[in-house]
Amino acid sequence: MNLISIFFSNLLVLNSPFQLAFLIVLAYLALLWIALIIWVTRDSLNRSESLFFQILSIVLVISLNFFGVLIYLIIRPHQTLEQKYLTLVDQETIDAEYEDEIIKCPRCESVSHKDFFFCPQCGHQLKIKCAKCHKPVQVNWKNCPFCGIGAEVSIKKKLSVKNEKSKEKEPASNLKAKK
Ligand SMILES: [Zn+2]
Ligand SMILES: [Zn+2]
C-alpha cells in the first residue's frame, strides 16, 4: 500500500473532526513543501551553472523544508544568470564608450578623466593648461596637440602673462617713486 492510499483509507475511518483538520493541514504542508522544492530547483537553475550548488539547494529543501529554504535564500547568488549577463553587457558598453576618455594617475594609479588637471584622489598634476588655447595638455608633452604651440613657448608665454599681471598689481605709490 502506498502513502496516498494510506492517506485516503485513514480519511475514510476518521472519527473526530480534529483528525480531519490535522490531515488537511498535513496535506497543505505537503503541497507547500513540493511547491518549494520545485521553486528552489527552478531558482537555483536560474542563478547558478554549478551542478553542486543546484543539488545542494534541492537537498537542503528536501531535508530541512522551510528552514532549508531560508538557508537557500541566504546562500543563493545575488543575481540570476540573466541579470549577471545584462550587467556584464552594460559594463562592457560603458567601458567601450569611455575607454578613450579615461587616464590613469601615474602616482596613485586611480582612474580619472582625460580633461582633469589634477588627480581627484592624490592631487598629482596630470595636465597643464595650454597658454594659447587653454586646453588640457599632458605635463610631459612638448607641443600642444590642439593649437601646435610648443611647450617651452607655452611656459614662456605663461610666465610673461604672470609678469604682466604682477606689474599691474604693483601699488600706485611704487610707480610714482619710479618716475
Ligand atoms: Zn593620483
Ligand atoms: Zn594649445
# chains A, B, ... in the order shown; residues from 1 in each chain; ligands from 1
>>> residues_near_ligand(ligand="ligand 1", cutoff="10 Å", atoms="only C-alpha atoms and all ligand atoms", output="PyMOL selection string")
chain A and resi 104-112+118-126
>>> write_last_selection(atoms="C-alpha atoms", output="PDB file, in the first residue's frame")
ATOM      1  CA  LYS A 104      45.399  56.560 -15.004  1.00  0.00           C
ATOM      2  CA  CYS A 105      47.188  58.679 -12.438  1.00  0.00           C
ATOM      3  CA  PRO A 106      50.936  57.832 -12.654  1.00  0.00           C
ATOM      4  CA  ARG A 107      51.304  58.343  -8.907  1.00  0.00           C
ATOM      5  CA  CYS A 108      48.360  56.508  -7.310  1.00  0.00           C
ATOM      6  CA  GLU A 109      47.053  54.608 -10.387  1.00  0.00           C
ATOM      7  CA  SER A 110      43.454  55.655  -9.751  1.00  0.00           C
ATOM      8  CA  VAL A 111      41.245  56.327 -12.760  1.00  0.00           C
ATOM      9  CA  SER A 112      40.419  59.862 -13.816  1.00  0.00           C
ATOM     10  CA  PHE A 118      44.762  67.096 -11.123  1.00  0.00           C
ATOM     11  CA  CYS A 119      44.193  63.557  -9.843  1.00  0.00           C
ATOM     12  CA  PRO A 120      40.967  63.573  -7.783  1.00  0.00           C
ATOM     13  CA  GLN A 121      42.483  61.024  -5.384  1.00  0.00           C
ATOM     14  CA  CYS A 122      46.032  62.202  -4.660  1.00  0.00           C
ATOM     15  CA  GLY A 123      46.162  65.683  -6.209  1.00  0.00           C
ATOM     16  CA  HIS A 124      49.044  64.835  -8.565  1.00  0.00           C
ATOM     17  CA  GLN A 125      49.224  67.244 -11.532  1.00  0.00           C
ATOM     18  CA  LEU A 126      48.127  65.354 -14.643  1.00  0.00           C
TER      19      LEU A 126
END
>>> residues_near_ligand(ligand="ligand 2", cutoff="10 Å", atoms="only C-alpha atoms and all ligand atoms", output="mmCIF file with N, CA and C atoms, in the first residue's frame")
data_model
loop_
_atom_site.group_PDB
_atom_site.id
_atom_site.type_symbol
_atom_site.label_atom_id
_atom_site.label_comp_id
_atom_site.auth_asym_id
_atom_site.auth_seq_id
_atom_site.Cartn_x
_atom_site.Cartn_y
_atom_site.Cartn_z
ATOM 1 N N LYS A 129 47.504 73.724 -18.422
ATOM 2 C CA LYS A 129 46.634 74.443 -19.349
ATOM 3 C C LYS A 129 47.516 75.062 -20.428
ATOM 4 N N CYS A 130 47.165 74.844 -21.704
ATOM 5 C CA CYS A 130 47.922 75.473 -22.789
ATOM 6 C C CYS A 130 47.745 76.986 -22.685
ATOM 7 N N ALA A 131 48.870 77.706 -22.783
ATOM 8 C CA ALA A 131 48.842 79.160 -22.608
ATOM 9 C C ALA A 131 48.052 79.846 -23.726
ATOM 10 N N LYS A 132 48.011 79.195 -24.906
ATOM 11 C CA LYS A 132 47.344 79.839 -26.038
ATOM 12 C C LYS A 132 45.857 79.467 -26.120
ATOM 13 N N CYS A 133 45.589 78.136 -26.139
ATOM 14 C CA CYS A 133 44.194 77.738 -26.370
ATOM 15 C C CYS A 133 43.492 77.271 -25.090
ATOM 16 N N HIS A 134 44.238 77.192 -23.989
ATOM 17 C CA HIS A 134 43.685 76.861 -22.667
ATOM 18 C C HIS A 134 43.133 75.443 -22.564
ATOM 19 N N LYS A 135 43.546 74.584 -23.513
ATOM 20 C CA LYS A 135 43.077 73.194 -23.428
ATOM 21 C C LYS A 135 44.049 72.394 -22.554
ATOM 22 N N PRO A 136 43.566 71.261 -21.947
ATOM 23 C CA PRO A 136 44.466 70.484 -21.091
ATOM 24 C C PRO A 136 45.553 69.769 -21.893
ATOM 25 N N VAL A 137 46.790 69.977 -21.502
ATOM 26 C CA VAL A 137 47.930 69.360 -22.185
ATOM 27 C C VAL A 137 48.703 68.545 -21.154
ATOM 28 N N ASN A 143 54.532 69.672 -27.323
ATOM 29 C CA ASN A 143 53.698 70.625 -28.044
ATOM 30 C C ASN A 143 52.238 70.433 -27.681
ATOM 31 N N CYS A 144 51.469 71.504 -27.773
ATOM 32 C CA CYS A 144 50.033 71.392 -27.536
ATOM 33 C C CYS A 144 49.403 70.717 -28.752
ATOM 34 N N PRO A 145 48.680 69.604 -28.545
ATOM 35 C CA PRO A 145 48.098 68.902 -29.689
ATOM 36 C C PRO A 145 46.894 69.635 -30.288
ATOM 37 N N PHE A 146 46.432 70.671 -29.648
ATOM 38 C CA PHE A 146 45.236 71.378 -30.136
ATOM 39 C C PHE A 146 45.601 72.595 -30.985
ATOM 40 N N CYS A 147 46.611 73.379 -30.554
ATOM 41 C CA CYS A 147 46.943 74.579 -31.309
ATOM 42 C C CYS A 147 48.363 74.546 -31.853
ATOM 43 N N GLY A 148 49.173 73.531 -31.436
ATOM 44 C CA GLY A 148 50.501 73.368 -32.005
ATOM 45 C C GLY A 148 51.587 74.205 -31.352
ATOM 46 N N ILE A 149 51.230 74.993 -30.368
ATOM 47 C CA ILE A 149 52.239 75.830 -29.710
ATOM 48 C C ILE A 149 53.188 74.939 -28.901
ATOM 49 N N GLY A 150 54.502 75.223 -28.965
ATOM 50 C CA GLY A 150 55.492 74.425 -28.242
ATOM 51 C C GLY A 150 55.347 74.606 -26.751
ATOM 52 N N ALA A 151 55.696 73.551 -26.013
ATOM 53 C CA ALA A 151 55.541 73.612 -24.552
ATOM 54 C C ALA A 151 56.412 74.714 -23.948
ATOM 55 N N SER A 154 54.893 77.858 -24.654
ATOM 56 C CA SER A 154 53.701 77.924 -23.818
ATOM 57 C C SER A 154 54.050 78.372 -22.408
#
>>> residues_around(residues="His113 (chain A)", least_positions_apart="3", cutoff="8 Å", atoms="only C-alpha atoms", output="PyMOL selection string")
chain A and resi 101-103+116
>>> residues_around(residues="Gln79 (chain A)", least_positions_apart="4", cutoff="9 Å", atoms="only C-alpha atoms", output="list in words")
Arg47, Gln83 and Lys84 of chain A
>>> atom_distance(atom1="CA of Gly68 (chain A)", atom2="CA of Ile55 (chain A)")
12.7 Å
>>> decode(residues="region 16-124 of chain A", atoms="C-alpha atoms", output="compact mmCIF listing (two decimals), in the first residue's frame")
# COMPACT_ATOMS: atom_id res chain seq x y z
CA SER A 16 -13.06 13.07 15.02
CA PRO A 17 -13.19 16.45 13.29
CA PHE A 18 -9.79 17.26 14.84
CA GLN A 19 -8.23 14.38 12.99
CA LEU A 20 -9.70 15.63 9.74
CA ALA A 21 -8.39 19.15 10.36
CA PHE A 22 -4.99 17.69 11.18
CA LEU A 23 -4.95 15.74 7.93
CA ILE A 24 -5.95 18.78 5.88
CA VAL A 25 -3.15 20.83 7.44
CA LEU A 26 -0.75 17.95 6.80
CA ALA A 27 -1.82 17.74 3.13
CA TYR A 28 -1.48 21.53 2.78
CA LEU A 29 2.05 21.46 4.24
CA ALA A 30 2.99 18.58 1.94
CA LEU A 31 1.80 20.55 -1.12
CA LEU A 32 3.67 23.62 0.08
CA TRP A 33 6.79 21.54 0.53
CA ILE A 34 6.55 20.14 -3.01
CA ALA A 35 5.94 23.64 -4.39
CA LEU A 36 9.01 24.92 -2.52
CA ILE A 37 11.15 22.08 -3.92
CA ILE A 38 10.01 23.00 -7.46
CA TRP A 39 10.62 26.70 -6.85
CA VAL A 40 14.11 26.16 -5.39
CA THR A 41 15.01 23.81 -8.27
CA ARG A 42 13.99 26.41 -10.85
CA ASP A 43 15.55 29.30 -8.97
CA SER A 44 18.88 27.51 -8.46
CA LEU A 45 18.99 26.64 -12.18
CA ASN A 46 18.40 30.33 -12.99
CA ARG A 47 21.08 31.55 -10.63
CA SER A 48 23.95 29.12 -10.94
CA GLU A 49 25.62 26.93 -13.52
CA SER A 50 27.23 24.81 -10.81
CA LEU A 51 25.67 21.35 -10.53
CA PHE A 52 26.99 21.08 -6.97
CA PHE A 53 25.10 24.21 -5.92
CA GLN A 54 21.88 23.05 -7.61
CA ILE A 55 21.98 19.63 -5.94
CA LEU A 56 22.90 21.18 -2.57
CA SER A 57 19.93 23.58 -2.81
CA ILE A 58 17.45 20.81 -3.62
CA VAL A 59 18.83 18.54 -0.88
CA LEU A 60 18.56 21.43 1.61
CA VAL A 61 14.87 21.97 0.87
CA ILE A 62 14.02 18.27 0.84
CA SER A 63 15.82 17.57 4.13
CA LEU A 64 15.18 20.76 6.09
CA ASN A 65 11.93 22.01 4.48
CA PHE A 66 11.24 25.65 5.37
CA PHE A 67 14.48 26.03 7.27
CA GLY A 68 16.25 24.74 4.15
CA VAL A 69 14.54 27.39 2.03
CA LEU A 70 15.71 30.03 4.50
CA ILE A 71 19.31 28.80 4.19
CA TYR A 72 18.93 28.68 0.41
CA LEU A 73 17.75 32.32 0.32
CA ILE A 74 20.87 33.32 2.27
CA ILE A 75 23.43 31.38 0.21
CA ARG A 76 21.94 31.79 -3.29
CA PRO A 77 23.76 34.07 -5.76
CA HIS A 78 22.55 37.68 -5.59
CA GLN A 79 21.80 37.91 -9.32
CA THR A 80 20.22 35.47 -11.74
CA LEU A 81 22.37 34.36 -14.68
CA GLU A 82 20.34 36.63 -16.97
CA GLN A 83 20.82 39.67 -14.70
CA LYS A 84 24.53 38.85 -14.45
CA TYR A 85 24.81 38.72 -18.24
CA LEU A 86 22.94 42.03 -18.67
CA THR A 87 25.15 43.75 -16.07
CA LEU A 88 28.23 42.46 -17.89
CA VAL A 89 26.96 43.74 -21.26
CA ASP A 90 26.11 47.13 -19.69
CA GLN A 91 29.56 47.40 -18.12
CA GLU A 92 31.27 46.49 -21.40
CA THR A 93 29.24 49.13 -23.27
CA ILE A 94 30.17 51.77 -20.68
CA ASP A 95 33.84 50.71 -20.78
CA ALA A 96 33.91 50.91 -24.59
CA GLU A 97 32.25 54.33 -24.54
CA TYR A 98 34.62 55.88 -22.05
CA GLU A 99 37.80 53.95 -22.78
CA ASP A 100 39.38 56.81 -24.73
CA GLU A 101 38.30 59.36 -22.11
CA ILE A 102 39.96 57.64 -19.18
CA ILE A 103 43.53 58.03 -17.95
CA LYS A 104 45.40 56.56 -15.00
CA CYS A 105 47.19 58.68 -12.44
CA PRO A 106 50.94 57.83 -12.65
CA ARG A 107 51.30 58.34 -8.91
CA CYS A 108 48.36 56.51 -7.31
CA GLU A 109 47.05 54.61 -10.39
CA SER A 110 43.45 55.65 -9.75
CA VAL A 111 41.24 56.33 -12.76
CA SER A 112 40.42 59.86 -13.82
CA HIS A 113 39.08 61.75 -16.83
CA LYS A 114 41.37 62.87 -19.63
CA ASP A 115 40.33 66.51 -19.15
CA PHE A 116 41.24 66.63 -15.46
CA PHE A 117 44.21 68.76 -14.49
CA PHE A 118 44.76 67.10 -11.12
CA CYS A 119 44.19 63.56 -9.84
CA PRO A 120 40.97 63.57 -7.78
CA GLN A 121 42.48 61.02 -5.38
CA CYS A 122 46.03 62.20 -4.66
CA GLY A 123 46.16 65.68 -6.21
CA HIS A 124 49.04 64.83 -8.56
